[in-house]
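K.L.:
Input file: protein_26.txt. Contents: compact mmCIF, C-alpha atoms.
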# COMPACT_ATOMS: atom_id res chain seq x y z
CA MET A 1 25.89 58.36 -32.94
CA ASN A 2 28.26 55.70 -31.62
CA LYS A 3 27.22 56.47 -28.03
CA ARG A 4 23.55 56.01 -28.94
CA LEU A 5 24.30 52.74 -30.70
CA ILE A 6 26.27 51.40 -27.73
CA LEU A 7 23.51 52.52 -25.34
CA GLY A 8 20.90 50.75 -27.48
CA ILE A 9 22.91 47.54 -27.53
CA LEU A 10 23.30 47.66 -23.73
CA ILE A 11 19.53 48.11 -23.30
CA LEU A 12 18.79 45.17 -25.60
CA VAL A 13 21.29 42.93 -23.74
CA SER A 14 19.73 43.91 -20.39
CA ILE A 15 16.19 43.10 -21.62
CA ALA A 16 17.35 39.75 -23.03
CA THR A 17 19.07 38.89 -19.74
CA ILE A 18 15.92 39.69 -17.72
CA VAL A 19 13.73 37.62 -20.06
CA PHE A 20 16.15 34.65 -19.89
CA ILE A 21 16.30 34.75 -16.07
CA GLY A 22 12.50 34.96 -15.85
CA TYR A 23 12.10 32.02 -18.22
CA PHE A 24 14.63 29.90 -16.27
CA LYS A 25 12.91 30.59 -12.93
CA ASN A 26 9.49 29.83 -14.38
CA LYS A 27 10.79 26.56 -15.83
CA GLN A 28 12.18 25.52 -12.44
CA LYS A 29 8.83 26.32 -10.81
CA GLN A 30 6.97 24.26 -13.39
CA GLU A 31 9.27 21.30 -12.80
CA LYS A 32 8.42 21.39 -9.08
CA GLU A 33 4.66 21.44 -9.60
CA ILE A 34 2.74 18.24 -8.86
CA PHE A 35 1.78 16.11 -11.78
CA PHE A 36 -1.81 15.04 -12.37
CA GLN A 37 -3.55 13.68 -15.42
CA GLU A 38 -7.31 13.85 -15.76
CA GLU A 39 -8.99 10.62 -16.82
CA GLY A 40 -10.70 12.31 -19.71
CA GLN A 41 -7.49 13.87 -21.02
CA LEU A 42 -5.45 10.69 -21.00
CA THR A 43 -5.17 8.42 -23.97
CA PRO A 44 -4.49 5.04 -22.33
CA SER A 45 -1.21 3.51 -23.39
CA PRO A 46 -0.78 -0.23 -23.80
CA ILE A 47 1.20 -2.13 -21.19
CA PRO A 48 4.65 -2.63 -22.72
CA ILE A 49 5.10 -5.98 -24.39
CA VAL A 50 8.21 -7.81 -23.23
CA PRO A 51 9.58 -9.75 -26.23
CA ALA A 52 11.09 -13.16 -25.62
CA PRO A 53 14.84 -13.29 -26.33
CA SER A 54 15.85 -14.98 -29.55
CA GLY A 55 15.90 -18.77 -29.28
CA GLU A 56 13.67 -18.96 -26.18
CA THR A 57 10.02 -20.01 -26.07
CA LYS A 58 7.52 -17.27 -25.42
CA LEU A 59 5.31 -18.15 -22.42
CA PRO A 60 1.51 -17.88 -22.64
CA SER A 61 0.02 -14.48 -21.92
CA ILE A 62 -2.18 -13.64 -18.94
CA SER A 63 -5.24 -11.70 -19.96
CA GLY A 64 -3.25 -10.53 -22.96
CA ILE A 65 -0.20 -9.39 -20.96
CA GLN A 66 2.99 -10.88 -22.32
CA ILE A 67 4.98 -12.85 -19.75
CA PRO A 68 8.80 -12.89 -19.89
CA PRO A 69 10.58 -16.23 -19.41
CA GLN A 70 11.57 -17.06 -15.85
CA GLN A 71 14.73 -18.69 -14.55
CA THR A 72 13.95 -19.34 -10.86
CA THR A 73 10.23 -20.14 -10.62
CA SER A 74 7.37 -21.50 -12.65
CA TYR A 75 5.13 -18.66 -11.44
CA PRO A 76 4.94 -16.08 -14.23
CA LEU A 77 5.78 -12.43 -13.71
CA LEU A 78 3.16 -9.81 -14.46
CA PHE A 79 5.85 -7.28 -15.43
CA LYS A 80 9.61 -7.35 -15.67
CA GLU A 81 9.94 -3.91 -14.02
CA GLU A 82 10.32 -3.26 -10.29
CA TYR A 83 7.46 -1.51 -8.51
CA LEU A 84 6.43 -0.60 -5.00
CA TYR A 85 3.09 -2.23 -4.20
CA ILE A 86 0.28 0.12 -3.18
CA ASP A 87 -2.88 -2.02 -3.52
CA LEU A 88 -4.95 -4.20 -5.82
CA PHE A 89 -8.64 -3.66 -6.46
CA TYR A 90 -9.11 -5.92 -9.43
CA PRO A 91 -8.80 -5.13 -12.29
CA LEU A 92 -6.80 -2.09 -11.13
CA LEU A 93 -3.33 -2.67 -9.67
CA TYR A 94 -1.90 0.47 -8.03
CA VAL A 95 1.90 0.77 -7.90
CA TYR A 96 4.72 3.24 -7.52
CA ASP A 97 7.21 3.05 -10.39
CA LEU A 98 10.64 2.99 -8.78
CA ASN A 99 12.36 4.07 -12.00
CA SER A 100 10.15 6.95 -13.12
CA GLY A 101 8.94 8.09 -9.68
CA ILE A 102 5.27 7.96 -10.73
CA ILE A 103 2.23 6.50 -9.00
CA LYS A 104 0.16 4.68 -11.59
CA TYR A 105 -2.38 1.93 -12.03
CA PHE A 106 -2.49 -0.98 -14.43
CA ASP A 107 -5.86 -2.16 -15.71
CA LEU A 108 -5.22 -5.90 -15.92
CA GLU A 109 -8.34 -6.58 -17.99
CA ASN A 110 -8.05 -3.87 -20.62
CA GLN A 111 -4.22 -3.88 -20.70
CA VAL A 112 -3.82 -0.14 -20.21
CA TYR A 113 -2.19 1.97 -17.56
CA LYS A 114 -2.67 5.48 -16.22
CA GLU A 115 -0.09 7.75 -14.62
CA ILE A 116 -1.56 9.47 -11.57
CA TYR A 117 1.06 11.46 -9.70
CA ARG A 118 4.77 12.16 -9.90
CA ALA A 119 6.52 12.13 -6.51
CA PRO A 120 10.01 12.05 -5.05
CA LEU A 121 11.24 8.73 -3.75
CA ILE A 122 8.34 7.09 -1.91
CA GLU A 123 9.16 4.71 0.93
CA GLU A 124 5.66 3.24 1.32
CA ALA A 125 2.13 4.00 0.17
CA PHE A 126 -1.40 2.94 1.12
CA MET A 127 -4.80 3.32 -0.53
CA SER A 128 -8.30 3.70 0.90
CA SER A 129 -10.75 0.90 0.16
CA ASP A 130 -12.89 3.17 -2.05
CA GLU A 131 -9.81 4.02 -4.18
CA SER A 132 -10.27 7.74 -3.51
CA TYR A 133 -7.22 8.49 -1.37
CA ILE A 134 -3.56 7.55 -1.13
CA VAL A 135 -1.27 8.26 1.82
CA PHE A 136 2.41 7.95 1.01
CA LYS A 137 5.58 8.49 3.00
CA THR A 138 8.84 10.07 1.87
CA ASN A 139 11.88 11.04 3.92
CA GLU A 140 10.11 14.35 4.58
CA GLY A 141 7.00 12.76 6.13
CA PHE A 142 3.49 11.66 5.17
CA ASN A 143 1.41 13.12 2.33
CA PHE A 144 -2.32 12.80 1.65
CA LEU A 145 -3.31 12.51 -2.02
CA ASN A 146 -6.98 13.13 -2.79
CA LEU A 147 -7.79 11.52 -6.14
CA LYS A 148 -11.32 12.94 -6.16
CA ASN A 149 -10.17 16.51 -6.68
CA ASP A 150 -6.50 16.00 -7.64
CA SER A 151 -5.11 17.67 -4.56
CA LEU A 152 -2.10 16.93 -2.36
CA TYR A 153 -1.80 17.79 1.32
CA PRO A 154 1.37 17.30 3.38
CA LEU A 155 0.21 15.80 6.68
CA PRO A 156 1.17 17.70 9.84
CA PRO A 157 4.72 17.34 11.18
CA PHE A 158 5.19 14.52 13.69
CA THR A 159 2.46 12.42 12.05
CA LYS A 160 3.52 8.85 12.89
CA ASN A 161 0.62 6.73 11.64
CA PHE A 162 -2.90 6.93 10.24
CA ALA A 163 -6.06 5.00 9.42
CA PHE A 164 -8.65 5.35 6.67
CA THR A 165 -12.10 5.38 8.32
CA PRO A 166 -15.65 6.09 7.09
CA GLN A 167 -15.44 9.35 9.03
CA GLY A 168 -12.26 10.43 7.24
CA LEU A 169 -8.52 10.08 7.69
CA VAL A 170 -7.54 9.58 11.33
CA ILE A 171 -3.92 10.50 12.05
CA TYR A 172 -1.71 9.90 15.07
CA VAL A 173 0.57 12.81 15.98
CA ASN A 174 3.40 12.47 18.49
CA ASN A 175 5.74 15.41 19.00
CA LYS A 176 7.25 13.97 22.24
CA ASP A 177 5.46 16.56 24.39
CA ILE A 178 1.97 15.33 23.49
CA SER A 179 0.49 12.49 21.45
CA TYR A 180 -3.04 12.49 20.12
CA LEU A 181 -5.48 11.35 17.44
CA ALA A 182 -6.98 13.82 15.00
CA LEU A 183 -9.41 13.77 12.08
CA TYR A 184 -7.87 15.21 8.92
CA LYS A 185 -10.05 16.54 6.09
CA ASP A 186 -9.09 18.81 3.18
CA GLY A 187 -6.09 20.27 4.95
CA GLN A 188 -7.96 20.84 8.22
CA MET A 189 -7.18 18.92 11.41
CA THR A 190 -9.64 18.36 14.28
CA LYS A 191 -8.27 16.81 17.45
CA ILE A 192 -10.15 13.70 18.63
CA ARG A 193 -8.41 12.80 21.89
CA ASN A 194 -5.04 12.26 23.53
CA LEU A 195 -3.49 8.82 23.07
CA GLY A 196 -0.80 7.52 25.41
CA ILE A 197 0.52 4.75 23.15
CA LEU A 198 4.01 5.07 21.71
CA ASN A 199 3.74 3.12 18.41
CA PRO A 200 0.06 2.44 17.74
CA LYS A 201 -1.30 0.39 14.88
CA PHE A 202 -4.85 0.75 13.61
CA GLU A 203 -7.66 -1.21 12.01
CA SER A 204 -10.93 0.45 11.08
CA LEU A 205 -14.39 -1.02 11.71
CA LYS A 206 -17.60 0.66 10.54
CA ASN A 207 -17.88 3.24 13.31
CA SER A 208 -14.92 2.48 15.51
CA LEU A 209 -11.15 2.12 15.51
CA LEU A 210 -9.07 -0.76 16.86
CA ILE A 211 -5.81 0.49 18.40
CA TYR A 212 -2.90 -1.63 19.62
CA GLU A 213 0.87 -1.99 19.73
CA LYS A 214 3.29 -4.88 20.02
CA ASN A 215 2.44 -6.31 23.45
CA SER A 216 -0.49 -4.15 24.49
CA PRO A 217 -4.18 -4.92 24.76
CA VAL A 218 -6.32 -4.08 21.74
CA PHE A 219 -8.40 -0.98 22.46
CA LEU A 220 -11.67 0.04 20.84
CA LEU A 221 -12.41 3.70 20.18
CA ASP A 222 -15.97 4.63 19.24
CA LEU A 223 -15.57 7.34 16.60
CA LYS A 224 -19.14 8.53 17.16
CA ASN A 225 -18.56 8.86 20.90
CA ILE A 226 -14.87 9.51 21.57
CA ASN A 227 -15.38 9.12 25.33
CA ASN A 228 -16.14 5.46 24.70
CA PHE A 229 -12.62 4.03 24.81
CA SER A 230 -12.32 0.48 26.13
CA VAL A 231 -10.25 -2.70 26.10
CA PHE A 232 -11.36 -4.91 23.24
CA LEU A 233 -8.88 -7.82 23.62
CA GLU A 234 -6.49 -8.64 26.45
CA ALA A 235 -2.77 -8.24 25.79
CA LYS A 236 -0.96 -10.87 23.72
CA PRO A 237 2.59 -10.82 22.31
CA ASN A 238 3.06 -9.82 18.67
CA TYR A 239 -0.53 -8.88 17.90
CA SER A 240 -1.36 -8.26 14.25
CA LEU A 241 -4.94 -7.49 13.14
CA LEU A 242 -6.68 -7.27 9.77
CA VAL A 243 -10.34 -6.34 9.22
CA ASN A 244 -12.18 -7.79 6.22
CA LYS A 245 -13.64 -5.76 3.38
CA GLU A 246 -17.17 -5.82 4.82
CA LYS A 247 -15.89 -4.61 8.22
CA ASN A 248 -17.71 -7.41 10.04
CA LEU A 249 -14.84 -9.86 10.73
CA ILE A 250 -11.40 -9.42 12.28
CA PHE A 251 -8.39 -11.64 11.59
CA VAL A 252 -6.19 -11.76 14.72
CA THR A 253 -2.76 -13.38 14.76
CA PHE A 254 -0.31 -13.51 17.68
CA LYS A 255 2.41 -15.57 19.31
CA ASP A 256 1.98 -16.56 22.94
CA LYS A 257 3.75 -19.85 23.61
CA TYR A 258 3.26 -20.65 19.95
CA TRP A 259 1.80 -18.94 16.90
CA GLN A 260 -1.97 -18.99 16.48
CA SER A 261 -4.68 -17.05 14.69
CA GLN A 262 -8.41 -16.45 14.93
CA ILE A 263 -11.25 -14.88 13.03
CA ILE A 264 -13.58 -13.04 15.40
CA THR A 265 -16.61 -10.78 15.11
CA PRO A 266 -16.81 -7.16 16.35
CA ASP A 267 -18.64 -8.49 19.44
CA LYS A 268 -15.60 -10.75 20.14
CA LYS A 269 -17.15 -14.09 19.21
CA VAL A 270 -14.55 -16.52 17.86
CA LYS A 271 -15.62 -17.89 14.47
CA PHE A 272 -12.49 -19.85 13.46
CA ASN A 273 -9.16 -20.92 15.01
CA PHE A 274 -5.89 -21.63 13.18
CA SER A 275 -2.69 -23.24 14.43
CA TRP A 276 -0.43 -20.88 12.48
CA GLY A 277 0.48 -17.23 12.50
CA THR A 278 1.91 -14.45 10.36
CA VAL A 279 1.60 -10.66 10.10
CA LYS A 280 -1.26 -8.73 8.54
CA GLU A 281 1.02 -7.35 5.80
CA LYS A 282 1.33 -10.90 4.45
CA CYS A 283 -2.46 -11.33 4.19
CA SER A 284 -5.54 -10.02 2.42
CA PHE A 285 -9.09 -10.40 3.68
CA ASP A 286 -11.74 -9.83 1.05
CA GLU A 287 -14.29 -12.58 0.30
CA VAL A 288 -11.68 -15.10 1.46
CA LEU A 289 -8.64 -14.90 3.73
CA VAL A 290 -5.27 -15.38 2.00
CA CYS A 291 -2.04 -15.47 4.04
CA ALA A 292 1.62 -16.23 3.37
CA ILE A 293 3.23 -18.30 6.14
CA PRO A 294 6.97 -17.93 6.86
CA ALA A 295 8.96 -21.16 6.56
CA ASP A 296 10.81 -20.76 9.87
CA LEU A 297 7.72 -19.67 11.75
CA GLU A 298 9.01 -20.33 15.27
CA ASN A 299 11.96 -17.97 14.71
CA PHE A 300 10.02 -15.46 12.64
CA SER A 301 10.32 -11.94 14.10
CA PRO A 302 7.64 -9.44 13.02
CA ASP A 303 9.81 -6.58 14.26
CA LEU A 304 12.80 -7.59 12.16
CA TRP A 305 10.56 -8.23 9.14
CA LEU A 306 9.03 -4.76 9.42
CA MET A 307 12.60 -3.41 9.45
CA LYS A 308 13.07 -5.08 6.04
CA GLU A 309 14.81 -8.28 7.11
CA PRO A 310 13.57 -10.93 4.65
CA ALA A 311 11.40 -13.86 5.70
CA TYR A 312 11.11 -16.69 3.19
CA ASP A 313 7.57 -18.01 2.92
CA GLU A 314 6.79 -21.72 2.89
CA LYS A 315 3.18 -21.68 1.71
CA LEU A 316 0.02 -19.74 1.05
CA ILE A 317 -3.12 -20.59 3.01
CA ILE A 318 -6.52 -19.75 1.55
CA TYR A 319 -9.52 -19.92 3.88
CA ASN A 320 -13.05 -19.73 2.50
CA ILE A 321 -15.22 -18.21 5.21
CA GLN A 322 -18.47 -19.23 3.54
CA ASN A 323 -17.86 -22.99 3.44
CA GLY A 324 -15.03 -23.40 5.95
CA LYS A 325 -12.69 -24.98 3.38
CA THR A 326 -8.93 -24.48 3.48
CA LYS A 327 -6.41 -24.80 0.67
CA GLU A 328 -2.62 -24.77 1.02
CA ILE A 329 -0.27 -23.91 -1.81
CA ARG A 330 3.35 -24.93 -1.27
CA LEU A 331 5.67 -22.34 -2.77
CA GLU A 332 8.25 -23.55 -5.27
CA SER A 333 10.85 -20.83 -4.75
CA LYS A 334 12.03 -18.27 -2.22
CA PHE A 335 9.51 -15.46 -1.87
CA ASP A 336 8.90 -12.79 0.74
CA ILE A 337 5.24 -12.19 -0.02
CA VAL A 338 3.21 -9.05 0.66
CA LYS A 339 -0.59 -8.88 0.45
CA PRO A 340 -1.50 -11.81 -1.83
CA LYS A 341 -4.94 -11.39 -3.40
CA ILE A 342 -7.26 -13.72 -5.29
CA THR A 343 -8.38 -12.41 -8.68
CA PRO A 344 -10.04 -14.01 -11.73
CA LEU A 345 -6.51 -14.57 -13.05
CA GLY A 346 -5.37 -16.37 -9.89
CA ILE A 347 -3.41 -15.15 -6.87
CA ILE A 348 -1.38 -12.02 -7.51
CA PHE A 349 1.33 -11.20 -4.99
CA TRP A 350 4.26 -8.83 -4.61
CA ASN A 351 7.65 -10.32 -3.76
CA ARG A 352 9.57 -8.01 -1.46
CA LEU A 353 12.86 -9.70 -2.38
CA ASP A 354 12.87 -8.36 -5.96
CA ALA A 355 9.99 -5.80 -5.93
CA LYS A 356 8.12 -7.71 -8.66
CA PHE A 357 4.60 -9.09 -9.09
CA TYR A 358 3.93 -12.79 -9.62
CA LEU A 359 0.86 -14.83 -10.50
CA ILE A 360 -0.24 -18.24 -9.28
CA GLU A 361 -2.72 -19.10 -11.99
CA SER A 362 -6.37 -19.80 -11.15
CA LYS A 363 -6.17 -23.52 -11.95
CA ASN A 364 -3.98 -23.85 -8.86
CA THR A 365 -6.12 -21.72 -6.55
CA SER A 366 -9.71 -22.92 -6.99
CA PHE A 367 -11.31 -25.08 -4.31
For the file at hand, write its structure as structure tokens.

P.N.:
Amino acid sequence: MNKRLILGILILVSIATIVFIGYFKNKQKQEKEIFFQEEGQLTPSPIPIVPAPSGETKLPSISGIQIPPQQTTSYPLLFKEEYLYIDLFYPLLYVYDLNSGIIKYFDLENQVYKEIYRAPLIEEAFMSSDESYIVFKTNEGFNFLNLKNDSLYPLPPFTKNFAFTPQGLVIYVNNKDISYLALYKDGQMTKIRNLGILNPKFESLKNSLLIYEKNSPVFLLDLKNINNFSVFLEAKPNYSLLVNKEKNLIFVTFKDKYWQSQIITPDKKVKFNFSWGTVKEKCSFDEVLVCAIPADLENFSPDLWLMKEPAYDEKLIIYNIQNGKTKEIRLESKFDIVKPKITPLGIIFWNRLDAKFYLIESKNTSF
């Protein structure tokens, strides 16, 4: 009787151990799964209100968002938290939350936010102009996030750069033995052509791709006829290009003997000239061109800035392409501005020095 009892207890302990191990493994697997939330399943949460400390005056709200008091600038913060900037398609501001590790968007009109995807530490992220795709980089490489069908694809090893195009995602692969461009769709890669450029940068036109690096010419690749590969602009030092939202104008900035910039058409006609320069990351080009200009422009190094060395900006320049008017906004404090954009609220920009978003209210930006 005692032997049967002991045997029964041993069997029960063994079953319990197996169940516990299975549960623990399943839990670990669940924790590693990607995190998506369907729009229809999410109950939007309000953007957290930041209360003013006792004894201080609460600043006016922006579109209902409470603004915390500032110590160093009169420009109000949008949020007190630190975020990595992805993009702004008003009213939606796409960010990566550095604390929670979640890609999300804030609806600045309706004062709600949505969590999109949980990821390990993201170094940088970019969004397609139709808000359907995000490419982000971690220490393990690039990943392609398809928001249309909630799917994630790790891009091929040795992917060094990419471009969103109407034809799909174009990636540049360089494994030291061979470097080439490929079209990437739904996990499938189709080679386009070899590319003998070490560190190419890209800008997409309607049916073609502009390709350049630091001191090279700008090349034009016809994506409908890949054999049509030609020099678009002669070589200039420190080229930086940005195509507008309509894909019919190109902002070109470079430093030859001195900094200068132009707006040209796809057939290379110069529309406007400017006696200043910057880098495309400090600009946006929607209905108007908005650029941040470094204070010490003559000593400004795009290479060092791209390696995260700060550059303090002196002013914002707004250029209205329709009427040819220019407005300058002198900055009141030290900012290292990334992609300033005009919205109905005013100019929203991300300050790389503190990873926070600021607003220059619309009364100061109209012209």

K.L.:
Scan for residues within 12 Å of the point (-13.6, 12.7, 15.3) in the coordinates of the file, using only C-alpha atoms, and reply as a ChimeraX atom specification.

P.N.:
/A:165-171,180-185,189-194,207-209,221-227

K.L.:
Write a file of the selected residues as a tab-separated table (two decimals), in the frame of the given file, keeping C-alpha atoms.

P.N.:
chain	number	residue	atom	x	y	z
A	165	THR	CA	-12.10	5.38	8.32
A	166	PRO	CA	-15.65	6.09	7.09
A	167	GLN	CA	-15.44	9.35	9.03
A	168	GLY	CA	-12.26	10.43	7.24
A	169	LEU	CA	-8.52	10.08	7.69
A	170	VAL	CA	-7.54	9.58	11.33
A	171	ILE	CA	-3.92	10.50	12.05
A	180	TYR	CA	-3.04	12.49	20.12
A	181	LEU	CA	-5.48	11.35	17.44
A	182	ALA	CA	-6.98	13.82	15.00
A	183	LEU	CA	-9.41	13.77	12.08
A	184	TYR	CA	-7.87	15.21	8.92
A	185	LYS	CA	-10.05	16.54	6.09
A	189	MET	CA	-7.18	18.92	11.41
A	190	THR	CA	-9.64	18.36	14.28
A	191	LYS	CA	-8.27	16.81	17.45
A	192	ILE	CA	-10.15	13.70	18.63
A	193	ARG	CA	-8.41	12.80	21.89
A	194	ASN	CA	-5.04	12.26	23.53
A	207	ASN	CA	-17.88	3.24	13.31
A	208	SER	CA	-14.92	2.48	15.51
A	209	LEU	CA	-11.15	2.12	15.51
A	221	LEU	CA	-12.41	3.70	20.18
A	222	ASP	CA	-15.97	4.63	19.24
A	223	LEU	CA	-15.57	7.34	16.60
A	224	LYS	CA	-19.14	8.53	17.16
A	225	ASN	CA	-18.56	8.86	20.90
A	226	ILE	CA	-14.87	9.51	21.57
A	227	ASN	CA	-15.38	9.12	25.33

K.L.:
List every protein, DNA or RNA residue with an atom no more than 9 Å from (-13.8, -9.4, -2.3) in the file's coordinates, counting only C-alpha atoms, and format the result as a tab-separated table (two decimals) with C-alpha atoms, in the coordinates of the input.

P.N.:
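Final output, part_11.tsv:
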chain	number	residue	atom	x	y	z
A	89	PHE	CA	-8.64	-3.66	-6.46
A	244	ASN	CA	-12.18	-7.79	6.22
A	245	LYS	CA	-13.64	-5.76	3.38
A	246	GLU	CA	-17.17	-5.82	4.82
A	285	PHE	CA	-9.09	-10.40	3.68
A	286	ASP	CA	-11.74	-9.83	1.05
A	287	GLU	CA	-14.29	-12.58	0.30
A	288	VAL	CA	-11.68	-15.10	1.46
A	342	ILE	CA	-7.26	-13.72	-5.29
A	343	THR	CA	-8.38	-12.41	-8.68

K.L.:
For Ser362 (chain A), which of A:Lys334, A:Glu131, A:Tyr153, A:Ile329 is the closest residue, counting only C-alpha atoms?

P.N.:
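Smallest distance to Ser362 (chain A) is found for A:Ile329.
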
K.L.:
So, with only C-alpha atoms as the atoms that count, which of A:Phe232, A:Ile103, A:Glu332, A:Lys247 lies closest to Lys206 (chain A)?

P.N.:
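Looking only at the distances to Lys206 (chain A), the closest residue turns out to be A:Lys247.
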
K.L.:
What does the distance from CA of Asn238 (chain A) to CA of Val218 (chain A) come to in Å, to one decimal?

P.N.:
11.4 Å

K.L.:
Could you check which of A:Val243, A:Val270, A:Ala311, A:Leu304 is closest to Leu289 (chain A), using all atoms listed in the file?

P.N.:
A:Val243

K.L.:
Which one of A:Leu205, A:Ile263, A:Ile86, A:Ile321 sits closest to Phe164 (chain A) if you count all atoms listed in the file?

P.N.:
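Selected residue with least distance to Phe164 (chain A): A:Leu205.
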
K.L.:
From the options A:Ser333, A:Asn248, A:Ser179, A:Gln322, which residue's atoms come nearest to Leu353 (chain A), counting all atoms listed in the file?

P.N.:
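Nearest to Leu353 (chain A): A:Ser333.
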
K.L.:
Quick check, in Å to one decimal: how far apart do CA of Lys255 (chain A) and CA of Val135 (chain A) lie?

P.N.:
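CA of Lys255 (chain A) sits 29.8 Å away from CA of Val135 (chain A).
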
K.L.:
So what do you get for CA of Val112 (chain A) versus CA of Tyr75 (chain A), distance-wise?

P.N.:
22.4 Å

K.L.:
For Pro200 (chain A), list every protein, DNA or RNA residue within 7 Å, evaluated using all atoms listed in the file, and leave out those in the same chain fewer than 4 positions away; present the list as an MDAnalysis selection string.

P.N.:
chainID A and resid 211:213

K.L.:
Quick one: of A:Ser129, A:Lys176, A:Ala119, A:Asp87, who's nearest to Leu152 (chain A), counting all atoms listed in the file?

P.N.:
A:Ala119

K.L.:
Write out as number ranges by chain the residues lying within 8 Å of region 90-93 of chain A, counting only C-alpha atoms and excluding same-chain residues fewer than 2 positions away.

P.N.:
A: 86-88, 95, 105-109, 343

K.L.:
Name the residues in contact with Phe158 (chain A) at a cut-off of 7 Å, using only C-alpha atoms, excluding same-chain residues fewer than 3 positions from it; report them as a list in words.

P.N.:
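Once the adjacent positions are removed, what remains is Val173, Asn174 and Asn175 of chain A.
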
K.L.:
Just write the chosen residues, C-alpha atoms, as a PDB file, keeping the file's coordinate frame.

P.N.:
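File produced: again29.pdb:
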ATOM      1  CA  VAL A 173       0.570  12.810  15.980  1.00  0.00           C
ATOM      2  CA  ASN A 174       3.400  12.470  18.490  1.00  0.00           C
ATOM      3  CA  ASN A 175       5.740  15.410  19.000  1.00  0.00           C
TER       4      ASN A 175
END

K.L.:
Missing atoms in region 178-193 of chain A should be modelled up to N, CA and C atoms and reported as a PDB file, in the frame of the given file.

P.N.:
ATOM      1  N   ILE A 178       3.364  15.761  23.449  1.00  0.00           N
ATOM      2  CA  ILE A 178       1.970  15.330  23.490  1.00  0.00           C
ATOM      3  C   ILE A 178       1.710  14.393  22.308  1.00  0.00           C
ATOM      4  N   SER A 179       0.881  13.403  22.528  1.00  0.00           N
ATOM      5  CA  SER A 179       0.490  12.490  21.450  1.00  0.00           C
ATOM      6  C   SER A 179      -1.023  12.405  21.420  1.00  0.00           C
ATOM      7  N   TYR A 180      -1.585  12.442  20.225  1.00  0.00           N
ATOM      8  CA  TYR A 180      -3.040  12.490  20.120  1.00  0.00           C
ATOM      9  C   TYR A 180      -3.510  11.991  18.762  1.00  0.00           C
ATOM     10  N   LEU A 181      -4.815  11.694  18.684  1.00  0.00           N
ATOM     11  CA  LEU A 181      -5.480  11.350  17.440  1.00  0.00           C
ATOM     12  C   LEU A 181      -6.226  12.567  16.921  1.00  0.00           C
ATOM     13  N   ALA A 182      -6.255  12.703  15.595  1.00  0.00           N
ATOM     14  CA  ALA A 182      -6.980  13.820  15.000  1.00  0.00           C
ATOM     15  C   ALA A 182      -7.644  13.362  13.708  1.00  0.00           C
ATOM     16  N   LEU A 183      -8.724  14.012  13.347  1.00  0.00           N
ATOM     17  CA  LEU A 183      -9.410  13.770  12.080  1.00  0.00           C
ATOM     18  C   LEU A 183      -8.911  14.795  11.080  1.00  0.00           C
ATOM     19  N   TYR A 184      -8.468  14.323   9.913  1.00  0.00           N
ATOM     20  CA  TYR A 184      -7.870  15.210   8.920  1.00  0.00           C
ATOM     21  C   TYR A 184      -8.732  15.211   7.664  1.00  0.00           C
ATOM     22  N   LYS A 185      -9.211  16.395   7.288  1.00  0.00           N
ATOM     23  CA  LYS A 185     -10.050  16.540   6.090  1.00  0.00           C
ATOM     24  C   LYS A 185      -9.668  17.816   5.351  1.00  0.00           C
ATOM     25  N   ASP A 186      -9.326  17.673   4.065  1.00  0.00           N
ATOM     26  CA  ASP A 186      -9.090  18.810   3.180  1.00  0.00           C
ATOM     27  C   ASP A 186      -8.151  19.848   3.804  1.00  0.00           C
ATOM     28  N   GLY A 187      -7.069  19.364   4.396  1.00  0.00           N
ATOM     29  CA  GLY A 187      -6.090  20.270   4.950  1.00  0.00           C
ATOM     30  C   GLY A 187      -6.412  20.784   6.342  1.00  0.00           C
ATOM     31  N   GLN A 188      -7.563  20.397   6.883  1.00  0.00           N
ATOM     32  CA  GLN A 188      -7.960  20.840   8.220  1.00  0.00           C
ATOM     33  C   GLN A 188      -7.890  19.679   9.203  1.00  0.00           C
ATOM     34  N   MET A 189      -7.348  19.946  10.404  1.00  0.00           N
ATOM     35  CA  MET A 189      -7.180  18.920  11.410  1.00  0.00           C
ATOM     36  C   MET A 189      -8.041  19.232  12.630  1.00  0.00           C
ATOM     37  N   THR A 190      -8.811  18.223  13.084  1.00  0.00           N
ATOM     38  CA  THR A 190      -9.640  18.360  14.280  1.00  0.00           C
ATOM     39  C   THR A 190      -9.204  17.307  15.282  1.00  0.00           C
ATOM     40  N   LYS A 191      -8.743  17.746  16.435  1.00  0.00           N
ATOM     41  CA  LYS A 191      -8.270  16.810  17.450  1.00  0.00           C
ATOM     42  C   LYS A 191      -9.412  15.944  17.964  1.00  0.00           C
ATOM     43  N   ILE A 192      -9.154  14.635  18.103  1.00  0.00           N
ATOM     44  CA  ILE A 192     -10.150  13.700  18.630  1.00  0.00           C
ATOM     45  C   ILE A 192      -9.940  13.481  20.114  1.00  0.00           C
ATOM     46  N   ARG A 193      -8.723  13.038  20.486  1.00  0.00           N
ATOM     47  CA  ARG A 193      -8.410  12.800  21.890  1.00  0.00           C
ATOM     48  C   ARG A 193      -6.927  12.499  22.036  1.00  0.00           C
TER      49      ARG A 193
END
